[in-house]
Every structure is written in structure tokens, then in C-alpha cells.
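Below you'll find the structure, written out as C-alpha cells, and then a few comments.
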Amino acid sequence: MNVQAALREPQPLEPPESFAADILAGLTAKPKQLPPKYFYDSIGSALFERITQLPEYYPTRSELSILEANAPAIASLFPPHCALIEFGAGSSRKARILLGAAATVEVYVPVDISGDFLQKDAAQLRRDFLHLAVHPLVADFTKAFEMPPGIAPLARVGFFPGSTIGNFEPHEAAKFLRHAGTMLGFGSLLLIGVDLIKDQKALFRAYNDAEGVTAQFNLNLLARINRELGANFNLDAFEHHACYNGERNRIEMYLASTKRQKVRINGTTIDFRAGETIHTENSYKYTIESFQALARGSGWSPQKAWTDGLFAVHALTFEGASKEGAPKDK
Ligand code: AVI
């Protein structure tokens, strides 16, 4: 599965009941909403891969070119004898740029919820980087997981590309950053890709591509519910909507019912009004400064940010518990 997203196919770590329960909870909530992590079954992951190649979807190209143009400067921040831990690895395309530039990385630990792709990719990496030990880990990287014992003596560098952090609500993003600090340890380095606030037309186009791939990606969520839960969504009676909310600095994605209709899921009937929406995703955008402020509040000290004006790659070092997160003095 060739995706960089963190919010991907929940199997095999999440039992199917939790998919059904989450879908029913979301569709009976007011207003209706569905968790974006369920976009990434194998069809959704392939559609996301196509999104990353669309002319309108600049983030992937921007991030790759920032990493390529600045690889030596980024690598100069890596400590000697270190392990590179990638959160939500998918394909190692971006990590390869770092691995090619940073000779001090001894172990690469890609962490992803989907094991198949990780194993295949690890075999190829071992052939391409002969000095490198590769320890793929199948885990939900938003929760605590056990690091491979072999990396205990090594310094840790975290890598979280793709602006996946933008799909978290800001409080969840802060929580993830604190968690990453705990997993990586005091003084560790984190490289994180974050999409920038920009011209609203460019943002609108990136989520409303002419070919309609983002619409297919969004609608695949309903198709997945039909496939896996035997539901009867009529995909022709729902439309993809994506708009930029300038007050909250986020793209919001919805599926809108084109008419009044009923849908059956697992023995439950869900009513839709004409025009009623299901909120499927937020994609938050930050300025360099607003992201650095979020990072500081989560215990990270900003070192440097590289940008092409559209996207930013931040280097942060972990300084420990932030004021909000720190245990109270007795
Ligand atoms: C994975 N994530 C960073 C993408 C984004 O841009 O928020 C997901 C996406 N949704 C629609 N297009 C791409």
C-alpha cells in the first residue's frame, strides 16, 4: 500500500466491530460525520496515491523537492549513531532522501498499521542501503508502541511527513507531538512536514481536482461501508464538497446527499435530508509561526524550517513536558 497517510486502513489492529460501531456512531451524530482514518482501505490508498500525482495537489511534490533541495542541511542536524523512526511510513520515498544524505543513520524503523507493504519495502531498502538495518513495525503510531530493542543505544530522529498532522484537530496534533516526544526521548530531533496557509484558490483546487479523483476518494468511504457492512448507499445520490474555512484555517470535506433518502446499514436506517452533509475530513493549514507555537506548547523547540512558500518541513528538538503537560509540583 503506497500511501503516506497516518489515517489509514484500520485492519488488522482494529477489529471490524469498531469500524461498524464508529460508522454508526458517526452517521447517527448531529451533524453527521465519519472518521477520516477509514478512507484508507486498499482502494482508498490507491486513490490517495493518485491524488499525490495530480497537478492541483502540490503538497507531495513540494515536500519532496524541499527534502531534496535541503537534504545535506537537514542531515547535518542528525546526531551520530542514530535511528530514524518514521511515523505512518507507507512508502519510504521521502525517508530515502534522508537516508541517502544522513550517513549517521544506522537503523530505520518505519511504523505503519499495514504490515504487507512495510515488509516488501524493507527488503528493497536493505538492498539499496547495505549498511542500514531496517526494522519495520506494524503498529498504530498514534499510540504507545515498543521500539525494537536493537535501537536502545542509539539516538532517535523522528520523521512525520505528508502534513498528516493537518488531519488531526489542533488538540489532537498537540497530543500527538507530546506522544512523539515521549516515544523519541529528551533531546531527540523530529522532522515534520506541514502544509502552509496560502491563497484560498490554490487550496480549493487541490481538493477539487478537475479529474475528480478527490471526489472518488471521498465517495469511496461510502462504497467501503457498502462493501464491508452490506449497506446500500447509492453513490450517485451523494456529492463531494470541499471548501476552505478561512476562520479555522482548514479545508473541510463533506459528502452531501443530493435528495431526501434512507440508507440501511447493519439493520439500522439512516435518514438524509436533501442537501444534508456528512463531514468526512479536515485538513488544517498552518503558518510556519503558528505551527512552531503548537510545537512549543507540546514540549518541542523549533530549530529550523525549510519551505518553498507552499509547504514547510520543520526540524524540532524535544525539551520535555510542556507547561500544560507537566506533572504538578507538590
Ligand atoms: C493525508 N492528508 C495529509 C491529505 C490532506 O491533504 O489532508 C488527505 C487528502 N484528502 C483529500 N486530499 C488529500
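Ordered as shown in the C-alpha cells, chains take letters A, B, and onward, while each chain numbers its residues from 1 and ligands are numbered from 1 in the order shown.
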
Self-check item: Within 9 Å of ligand 1, counting only C-alpha atoms and all ligand atoms, residues as a ChimeraX atom specification
Solution: /A:3-8,36,39,48,51-52,57,59-60,161-167,194-195,206-208,213-215,217-218,242,251,253,281-284

Those residues with N, CA, C and O atoms, as a compact mmCIF listing (two decimals), in the first residue's frame please?
# COMPACT_ATOMS: atom_id res chain seq x y z
N VAL A 3 0.97 4.68 0.49
CA VAL A 3 0.42 5.93 0.99
C VAL A 3 1.26 6.47 2.13
O VAL A 3 1.87 5.72 2.85
N GLN A 4 1.21 7.78 2.29
CA GLN A 4 1.96 8.38 3.38
C GLN A 4 1.04 8.71 4.53
O GLN A 4 1.49 9.21 5.54
N ALA A 5 -0.23 8.46 4.37
CA ALA A 5 -1.16 8.96 5.38
C ALA A 5 -1.08 8.17 6.67
O ALA A 5 -0.82 6.99 6.67
N ALA A 6 -1.31 8.88 7.73
CA ALA A 6 -1.34 8.27 9.04
C ALA A 6 -2.67 7.62 9.30
O ALA A 6 -2.79 6.75 10.12
N LEU A 7 -3.65 8.12 8.62
CA LEU A 7 -5.02 7.79 8.99
C LEU A 7 -5.49 6.72 8.05
O LEU A 7 -6.23 6.96 7.16
N ARG A 8 -4.94 5.55 8.20
CA ARG A 8 -5.18 4.60 7.14
C ARG A 8 -5.91 3.38 7.63
O ARG A 8 -6.35 3.32 8.75
N PRO A 36 -11.80 10.25 9.26
CA PRO A 36 -11.02 10.16 8.02
C PRO A 36 -10.09 8.95 7.94
O PRO A 36 -9.66 8.58 6.86
N PHE A 39 -10.79 6.30 5.28
CA PHE A 39 -10.57 6.47 3.83
C PHE A 39 -9.63 5.40 3.27
O PHE A 39 -9.69 5.06 2.10
N PHE A 48 -5.60 7.71 -3.01
CA PHE A 48 -4.76 8.76 -2.41
C PHE A 48 -3.44 8.88 -3.16
O PHE A 48 -2.94 9.98 -3.41
N ILE A 51 -4.03 10.94 -6.02
CA ILE A 51 -4.15 12.35 -5.62
C ILE A 51 -2.77 13.00 -5.55
O ILE A 51 -2.56 14.12 -6.03
N THR A 52 -1.81 12.26 -4.98
CA THR A 52 -0.48 12.86 -4.78
C THR A 52 0.20 13.20 -6.11
O THR A 52 1.17 13.94 -6.14
N TYR A 57 -2.67 18.97 -6.77
CA TYR A 57 -2.31 18.60 -5.39
C TYR A 57 -0.79 18.77 -5.22
O TYR A 57 0.01 17.88 -5.49
N PRO A 59 1.08 19.38 -2.32
CA PRO A 59 1.86 19.10 -1.10
C PRO A 59 2.94 18.03 -1.27
O PRO A 59 4.06 18.21 -0.79
N THR A 60 2.62 16.93 -1.96
CA THR A 60 3.61 15.85 -2.06
C THR A 60 4.82 16.31 -2.87
O THR A 60 5.97 16.09 -2.46
N PRO A 161 6.20 12.94 7.75
CA PRO A 161 5.99 13.78 6.58
C PRO A 161 4.52 13.82 6.15
O PRO A 161 3.64 13.22 6.78
N GLY A 162 4.25 14.56 5.06
CA GLY A 162 2.95 14.47 4.39
C GLY A 162 1.88 15.40 4.90
O GLY A 162 0.75 15.36 4.42
N SER A 163 2.18 16.20 5.93
CA SER A 163 1.16 17.05 6.57
C SER A 163 -0.01 16.23 7.10
O SER A 163 -1.14 16.70 7.18
N THR A 164 0.28 14.98 7.44
CA THR A 164 -0.75 14.16 8.06
C THR A 164 -1.20 14.78 9.37
O THR A 164 -2.34 14.63 9.78
N ILE A 165 -0.31 15.53 10.00
CA ILE A 165 -0.68 16.20 11.26
C ILE A 165 -1.83 17.18 11.02
O ILE A 165 -2.61 17.46 11.92
N GLY A 166 -1.98 17.65 9.77
CA GLY A 166 -3.08 18.56 9.43
C GLY A 166 -4.44 17.88 9.49
O GLY A 166 -5.46 18.56 9.56
N ASN A 167 -4.47 16.55 9.43
CA ASN A 167 -5.76 15.86 9.53
C ASN A 167 -6.18 15.64 10.98
O ASN A 167 -7.25 15.09 11.24
N VAL A 194 4.46 20.02 7.09
CA VAL A 194 3.20 20.71 7.43
C VAL A 194 2.80 21.63 6.28
O VAL A 194 3.60 22.47 5.84
N ASP A 195 1.56 21.50 5.83
CA ASP A 195 1.09 22.35 4.73
C ASP A 195 0.85 23.77 5.23
O ASP A 195 0.41 23.98 6.38
N ALA A 206 -6.71 22.21 -4.94
CA ALA A 206 -6.02 21.00 -4.51
C ALA A 206 -6.99 19.93 -4.01
O ALA A 206 -6.67 18.73 -4.03
N TYR A 207 -8.17 20.36 -3.55
CA TYR A 207 -9.16 19.40 -3.01
C TYR A 207 -10.40 19.29 -3.90
O TYR A 207 -11.38 18.65 -3.53
N ASN A 208 -10.33 19.95 -5.08
CA ASN A 208 -11.43 19.88 -6.06
C ASN A 208 -10.79 19.73 -7.45
O ASN A 208 -10.96 20.59 -8.31
N VAL A 213 -10.61 12.93 -8.90
CA VAL A 213 -10.03 11.83 -8.11
C VAL A 213 -10.32 12.04 -6.62
O VAL A 213 -10.62 11.09 -5.89
N THR A 214 -10.26 13.30 -6.17
CA THR A 214 -10.56 13.56 -4.74
C THR A 214 -12.03 13.23 -4.44
O THR A 214 -12.34 12.70 -3.36
N ALA A 215 -12.90 13.48 -5.41
CA ALA A 215 -14.32 13.12 -5.23
C ALA A 215 -14.45 11.60 -5.10
O ALA A 215 -15.16 11.10 -4.21
N PHE A 217 -12.16 9.55 -4.05
CA PHE A 217 -11.54 9.21 -2.77
C PHE A 217 -12.55 9.41 -1.63
O PHE A 217 -12.72 8.55 -0.76
N ASN A 218 -13.26 10.53 -1.68
CA ASN A 218 -14.25 10.84 -0.65
C ASN A 218 -15.42 9.84 -0.73
O ASN A 218 -15.81 9.23 0.27
N ALA A 242 -15.75 20.22 -1.07
CA ALA A 242 -14.57 20.61 -0.29
C ALA A 242 -14.48 22.13 -0.34
O ALA A 242 -14.62 22.73 -1.40
N ILE A 251 -9.19 23.06 5.25
CA ILE A 251 -10.07 22.54 4.21
C ILE A 251 -11.05 21.61 4.91
O ILE A 251 -10.65 20.80 5.76
N MET A 253 -13.96 18.70 4.15
CA MET A 253 -14.56 17.84 3.12
C MET A 253 -15.86 17.23 3.64
O MET A 253 -15.94 16.82 4.80
N GLU A 281 -13.65 15.01 6.54
CA GLU A 281 -12.23 15.30 6.81
C GLU A 281 -12.02 16.79 7.04
O GLU A 281 -12.69 17.63 6.42
N ASN A 282 -11.06 17.10 7.90
CA ASN A 282 -10.49 18.46 7.98
C ASN A 282 -9.02 18.34 7.64
O ASN A 282 -8.36 17.36 8.02
N SER A 283 -8.50 19.33 6.94
CA SER A 283 -7.07 19.35 6.64
C SER A 283 -6.57 20.75 7.04
O SER A 283 -6.72 21.72 6.28
N TYR A 284 -6.01 20.82 8.25
CA TYR A 284 -5.58 22.11 8.80
C TYR A 284 -4.31 22.60 8.13
O TYR A 284 -3.42 21.80 7.79

Exercise. Could you give me the residues within region 10-105 of chain A that DSSP places in helix (DSSP H, G or I), as a ChimeraX atom specification?
Key: /A:16-28,36-39,42-52,59-75,93-101

Quiz item: If we count only C-alpha atoms, what is near Glu63 (chain A) at a cut-off of 12 Å, once residues fewer than 4 positions away on the same chain are taken out, given as a ChimeraX atom specification?
Solution: /A:4,52,57-59,67-71,93-95,97,160-163,191-196,305-314

Self-check item: For Leu154 (chain A), the nearest of the candidates A:Arg61, A:His135, A:Arg126, A:His81, counting only C-alpha atoms
Solution: A:His81

Quiz item: What does the distance from CA of Leu84 (chain A) to CA of Tyr38 (chain A) come to in Å, to one decimal?
Solution: 27.3 Å

Exercise. May I have the residues within 6 Å of region 254-269 of chain A as a PyMOL selection string, using only C-alpha atoms and disregarding those fewer than 6 positions away in the same chain?
Key: chain A and resi 231-233+237-241+275-280

Quiz item: Running DSSP on the backbone, which parts of region 84-190 of chain A land in strand (DSSP E), as a list of chain:residue names?
Solution: A:Leu84, A:Ile85, A:Glu86, A:Phe87, A:Val105, A:Glu106, A:Val107, A:Tyr108, A:Val109, A:Pro110, A:Val111, A:Asp112, A:Ala133, A:Val134, A:Leu137, A:Val138, A:Ala155, A:Arg156, A:Val157, A:Gly158, A:Phe159, A:Phe160, A:Leu189, A:Leu190

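You will find CA of Glu56 (chain A) at 13.1 Å from CA of Asp199 (chain A).
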
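Of the listed residues (A:Pro170, A:Pro79, A:Gly212, A:Pro110), A:Pro79 comes nearest to Val157 (chain A); the distances count only C-alpha atoms.
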
Self-check item: Long-range neighbours of Gly181 (chain A) as a list in words, 8 Å cut-off, only C-alpha atoms, 5 positions minimum in chain
Solution: Phe186, Ser188, Gly299, Trp300, Phe318 and Gly320 of chain A

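Distance annotation: of A:Ile85, A:Leu27, A:Ile197, A:Ala174, the residue with the minimal separation from Thr287 (chain A) is A:Ile197; atom set is only C-alpha atoms.
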
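Closest approach to Leu189 (chain A) among A:Val134, A:Ala223, A:Leu177, A:Lys32 is made by A:Leu177 (distances from only C-alpha atoms).
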
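Remark: for Thr182 (chain A), the closest of the candidate residues A:Gly115, A:Pro148, A:Pro55, A:Gly158 is A:Gly158 (distances computed over only C-alpha atoms).
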
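Of the listed residues (A:Ser298, A:Ser91, A:Thr28, A:Ser42), A:Ser298 comes nearest to His179 (chain A); the distances count only C-alpha atoms.
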
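Between CA of Pro136 (chain A) and CA of Ile43 (chain A) lies a distance of 22.9 Å.
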